Amino acid sequence: MAKVAIIGQGYVGLTIAAFASKANEVVGFDNNQRVVDQLNQGISHIEGVDSAALKSAIAAGNYRASTSGSDISEAEIVVIAVPTPLDADRKPDLAFIESACKTIAENITHPVLVINESTSFPGTIRNFIKPLIEKLSANKIEHLYAISPERVDPGRVDWDQKNTPRLYAGLTPEASKKTRDFYSTFCDNLVEVSSPEVAEAAKLFENTFRQVNIALVNEFAQIAHALGISVHETLEAANTKPYGFMKFNPSAGVGGHCIPVDPSYLAHVAEGLGVPATFIERANEVNLEMPKYVVARVAADNGGSLNGKNVQVIGVAYKPNVADTRETPAELVIEELKRQGAKVTWHDAVVGSWHGEESTGLGGSEIAIVVTLHDAVDKKAVLASAPYVFDTTGKLTGAKGL
């Protein structure tokens, strides 16, 4: 049973901790004291991590959370599982990884295996994490380094850490072996690749593939509307082809930590190499422009102006049945509505509070815009919630929409 420290106890870190603690002693490090206090009481804040399972791991002595760096000092394996967002210029922001490296350097005084699960551009483990830890460490310690990019889909039950194939690669053969030994304690399918850069690039391309195809279908939705045909019927027709086609659905944009972010990491490294990433950049633009397109469609259907009109946005989570609002397109929809003078409220059956505001009751507006539709929401109630309902999900028969 290995002693494992996991830096970051969010969607990725806590999910990994929950599975790893079945066969290892895990310390979950996080800077958020409120989150740490809840975790130590066995209260999970993440969909997919059951509080009962967390309490069981705590009772067995296999899990505890901490805000103190000294509590990771005895670890044999340190996993970095922190956010890697974009900055104001939509460029990679590695501040959280830098902070994790500082925590490792200041508290680990013996050789360990450092594994990065945080999504970043190729070369991050080799050219950023390893040199930074070495620079910040008081003593010359030769750690082992590896990458195993996270594959966590919040709220999903059919694929989890046990049955989802996991990519990995170490900077050395020893690092690769120890990485495999660790993940084999809770993962069934381990796929070693030839270098950390391949694993890092594969993770970025997985989500760039989705970003590009979502952008394509979002652009096609606009073309279909101009043609006066149903985009959804057209997609269903195309989907009858048994080969050479994969169906994606249009939406108000993309959300979550991965799809809106990862392609920009890939474009960033491409730019540094002098390779144009025009296709990726255009996909980013199309998806970021979809909220404006949605609001423009709504305005056109309502006399050409939304000034002074009461509009309720239904669903501010980025995906159905989870409370995750990271990079949600609902935020851009709301910003555009307010820019056009609308009086905006929002309703979400899963997200209770967001940006200091509370979810309002369903109904009471002149216009409703459905961005995300949770299973807990009654479709008939949504259709009856306003005289005009615009559906971006394609799930409400009888509503206006994409």
# chains A, B, ... in the order shown; residues from 1 in each chain; ligands from 1
>>> residues_around(residues="range 1-13 of chain A", least_positions_apart="2", cutoff="6 Å", atoms="only C-alpha atoms", output="list in words")
Thr15, Ile16, Asn24, Glu25, Val26, Val27, Gly28, Phe29, Asp30, Ile46, Ile72, Ala75, Glu76, Ile77, Val78, Val79, Ile80, Ala81 and Val82 of chain A
>>> select_by_dssp(residues="range 31-255 of chain A", states="helix (DSSP H, G or I)", output="PDB file with C-alpha atoms, in the first residue's frame")
ATOM      1  CA  GLN A  33     -10.160  25.091   3.953  1.00  0.00           C
ATOM      2  CA  ARG A  34     -13.948  24.815   3.628  1.00  0.00           C
ATOM      3  CA  VAL A  35     -13.624  22.007   1.080  1.00  0.00           C
ATOM      4  CA  VAL A  36     -11.033  20.220   3.219  1.00  0.00           C
ATOM      5  CA  ASP A  37     -13.241  20.457   6.327  1.00  0.00           C
ATOM      6  CA  GLN A  38     -16.180  18.983   4.427  1.00  0.00           C
ATOM      7  CA  LEU A  39     -14.067  16.180   2.977  1.00  0.00           C
ATOM      8  CA  ASN A  40     -12.771  15.211   6.396  1.00  0.00           C
ATOM      9  CA  SER A  51     -20.024  10.547   0.344  1.00  0.00           C
ATOM     10  CA  ALA A  52     -20.581   7.081   1.803  1.00  0.00           C
ATOM     11  CA  ALA A  53     -17.519   5.757  -0.022  1.00  0.00           C
ATOM     12  CA  LEU A  54     -15.531   8.751   1.205  1.00  0.00           C
ATOM     13  CA  LYS A  55     -16.573   8.096   4.793  1.00  0.00           C
ATOM     14  CA  SER A  56     -15.596   4.448   4.398  1.00  0.00           C
ATOM     15  CA  ALA A  57     -12.109   5.421   3.178  1.00  0.00           C
ATOM     16  CA  ILE A  58     -11.713   7.828   6.093  1.00  0.00           C
ATOM     17  CA  ALA A  59     -12.835   5.185   8.582  1.00  0.00           C
ATOM     18  CA  GLY A  69       1.908  21.066   2.957  1.00  0.00           C
ATOM     19  CA  SER A  70       3.688  19.208   5.726  1.00  0.00           C
ATOM     20  CA  ASP A  71       1.037  16.489   5.520  1.00  0.00           C
ATOM     21  CA  ILE A  72       2.361  15.362   2.154  1.00  0.00           C
ATOM     22  CA  ALA A  95      -0.283  29.269 -12.054  1.00  0.00           C
ATOM     23  CA  PHE A  96      -1.949  26.336 -10.271  1.00  0.00           C
ATOM     24  CA  ILE A  97       0.668  23.888 -11.530  1.00  0.00           C
ATOM     25  CA  GLU A  98       3.378  26.309 -10.425  1.00  0.00           C
ATOM     26  CA  SER A  99       1.809  26.453  -6.959  1.00  0.00           C
ATOM     27  CA  ALA A 100       1.682  22.641  -6.821  1.00  0.00           C
ATOM     28  CA  CYS A 101       5.367  22.446  -7.743  1.00  0.00           C
ATOM     29  CA  LYS A 102       6.159  24.891  -4.954  1.00  0.00           C
ATOM     30  CA  THR A 103       4.220  22.759  -2.461  1.00  0.00           C
ATOM     31  CA  ILE A 104       6.163  19.670  -3.541  1.00  0.00           C
ATOM     32  CA  ALA A 105       9.538  21.400  -3.456  1.00  0.00           C
ATOM     33  CA  GLU A 106       8.978  22.871  -0.002  1.00  0.00           C
ATOM     34  CA  ASN A 107       7.670  19.727   1.660  1.00  0.00           C
ATOM     35  CA  THR A 124       4.886  20.456 -19.445  1.00  0.00           C
ATOM     36  CA  ILE A 125       6.216  17.588 -17.322  1.00  0.00           C
ATOM     37  CA  ARG A 126       9.654  17.649 -18.953  1.00  0.00           C
ATOM     38  CA  ASN A 127      10.247  21.361 -19.472  1.00  0.00           C
ATOM     39  CA  PHE A 128       8.144  23.033 -16.791  1.00  0.00           C
ATOM     40  CA  ILE A 129       7.302  20.812 -13.813  1.00  0.00           C
ATOM     41  CA  LYS A 130      10.617  18.954 -13.442  1.00  0.00           C
ATOM     42  CA  PRO A 131      12.873  22.041 -13.791  1.00  0.00           C
ATOM     43  CA  LEU A 132      10.651  24.121 -11.496  1.00  0.00           C
ATOM     44  CA  ILE A 133      10.604  21.553  -8.691  1.00  0.00           C
ATOM     45  CA  GLU A 134      14.373  21.163  -8.998  1.00  0.00           C
ATOM     46  CA  LYS A 135      14.842  24.928  -8.915  1.00  0.00           C
ATOM     47  CA  LEU A 136      12.624  25.425  -5.853  1.00  0.00           C
ATOM     48  CA  PRO A 173      11.662   3.615 -17.758  1.00  0.00           C
ATOM     49  CA  GLU A 174      11.667   3.444 -13.954  1.00  0.00           C
ATOM     50  CA  ALA A 175       9.145   6.263 -13.752  1.00  0.00           C
ATOM     51  CA  SER A 176       6.928   4.507 -16.289  1.00  0.00           C
ATOM     52  CA  LYS A 177       7.057   1.246 -14.347  1.00  0.00           C
ATOM     53  CA  LYS A 178       6.207   2.871 -11.028  1.00  0.00           C
ATOM     54  CA  THR A 179       3.402   4.846 -12.653  1.00  0.00           C
ATOM     55  CA  ARG A 180       1.925   1.632 -14.009  1.00  0.00           C
ATOM     56  CA  ASP A 181       2.289  -0.061 -10.631  1.00  0.00           C
ATOM     57  CA  PHE A 182       0.366   2.768  -8.974  1.00  0.00           C
ATOM     58  CA  TYR A 183      -2.529   3.043 -11.423  1.00  0.00           C
ATOM     59  CA  PRO A 196       5.127  12.087 -22.004  1.00  0.00           C
ATOM     60  CA  GLU A 197       4.695  14.440 -24.955  1.00  0.00           C
ATOM     61  CA  VAL A 198       2.594  11.844 -26.804  1.00  0.00           C
ATOM     62  CA  ALA A 199       0.306  11.424 -23.778  1.00  0.00           C
ATOM     63  CA  GLU A 200       0.009  15.185 -23.287  1.00  0.00           C
ATOM     64  CA  ALA A 201      -0.736  15.762 -26.973  1.00  0.00           C
ATOM     65  CA  ALA A 202      -3.269  12.905 -27.111  1.00  0.00           C
ATOM     66  CA  LYS A 203      -5.297  14.464 -24.269  1.00  0.00           C
ATOM     67  CA  LEU A 204      -5.377  17.817 -26.042  1.00  0.00           C
ATOM     68  CA  PHE A 205      -6.350  16.262 -29.359  1.00  0.00           C
ATOM     69  CA  GLU A 206      -9.195  14.248 -27.787  1.00  0.00           C
ATOM     70  CA  ASN A 207     -10.957  17.451 -26.787  1.00  0.00           C
ATOM     71  CA  THR A 208      -9.849  19.439 -29.823  1.00  0.00           C
ATOM     72  CA  PHE A 209     -11.616  16.784 -31.909  1.00  0.00           C
ATOM     73  CA  ARG A 210     -14.808  17.457 -29.974  1.00  0.00           C
ATOM     74  CA  GLN A 211     -14.395  21.238 -30.122  1.00  0.00           C
ATOM     75  CA  VAL A 212     -13.919  21.215 -33.890  1.00  0.00           C
ATOM     76  CA  ASN A 213     -16.888  18.915 -34.534  1.00  0.00           C
ATOM     77  CA  ILE A 214     -19.155  20.875 -32.203  1.00  0.00           C
ATOM     78  CA  ALA A 215     -18.124  24.054 -34.014  1.00  0.00           C
ATOM     79  CA  LEU A 216     -18.892  22.391 -37.334  1.00  0.00           C
ATOM     80  CA  VAL A 217     -22.386  21.379 -36.264  1.00  0.00           C
ATOM     81  CA  ASN A 218     -23.001  24.791 -34.680  1.00  0.00           C
ATOM     82  CA  GLU A 219     -22.068  26.444 -37.960  1.00  0.00           C
ATOM     83  CA  PHE A 220     -24.261  23.969 -39.817  1.00  0.00           C
ATOM     84  CA  ALA A 221     -27.174  24.831 -37.510  1.00  0.00           C
ATOM     85  CA  GLN A 222     -26.925  28.415 -38.730  1.00  0.00           C
ATOM     86  CA  ILE A 223     -26.838  27.260 -42.358  1.00  0.00           C
ATOM     87  CA  ALA A 224     -29.837  24.974 -41.830  1.00  0.00           C
ATOM     88  CA  HIS A 225     -31.837  27.816 -40.283  1.00  0.00           C
ATOM     89  CA  ALA A 226     -31.037  30.059 -43.238  1.00  0.00           C
ATOM     90  CA  LEU A 227     -32.161  27.251 -45.557  1.00  0.00           C
ATOM     91  CA  VAL A 231     -30.882  20.911 -38.344  1.00  0.00           C
ATOM     92  CA  HIS A 232     -31.931  18.043 -36.055  1.00  0.00           C
ATOM     93  CA  GLU A 233     -33.872  16.194 -38.740  1.00  0.00           C
ATOM     94  CA  THR A 234     -30.937  16.676 -41.114  1.00  0.00           C
ATOM     95  CA  LEU A 235     -28.479  15.303 -38.570  1.00  0.00           C
ATOM     96  CA  GLU A 236     -30.695  12.293 -37.896  1.00  0.00           C
ATOM     97  CA  ALA A 237     -30.856  11.682 -41.638  1.00  0.00           C
ATOM     98  CA  ALA A 238     -27.064  11.852 -41.945  1.00  0.00           C
TER      99      ALA A 238
END
>>> residues_around(residues="Phe19 in chain A", least_positions_apart="3", cutoff="9 Å", atoms="only C-alpha atoms", output="list in words")
Leu14, Thr15, Ile16, Lys22, Ala23, Gln161, Lys162, Thr185, Phe186 and Cys187 of chain A
>>> select_by_dssp(residues="range 17-156 of chain A", states="strand (DSSP E or B)", output="NGL selection string")
:A and (25-29 or 63-66 or 77-80 or 86 or 92 or 113-116 or 144-147)
>>> closest_residue(among="A:Ile280, A:Val275, A:Leu383, A:Ala368", to="Pro263 in chain A", atoms="only C-alpha atoms")
A:Ile280
>>> residues_around(residues="Asn163 in chain A", least_positions_apart="5", cutoff="9 Å", atoms="only C-alpha atoms", output="NGL selection string")
:A and (158 or 187-189)
>>> atom_distance(atom1="CA of Gln312 in chain A", atom2="CA of Asp87 in chain A")
29.4 Å
>>> closest_residue(among="A:Pro165, A:Gly361, A:Gly308, A:Pro149", to="Ala342 in chain A", atoms="only C-alpha atoms")
A:Gly308
>>> atom_distance(atom1="CA of Tyr293 in chain A", atom2="CA of Ala252 in chain A")
8.4 Å
>>> residues_around(residues="range 318-333 of chain A", least_positions_apart="2", cutoff="8 Å", atoms="only C-alpha atoms", output="PyMOL selection string")
chain A and resi 47+154-155+252-257+260+288+291-292+294-295+313+315-316+335-337+350-351+371-376
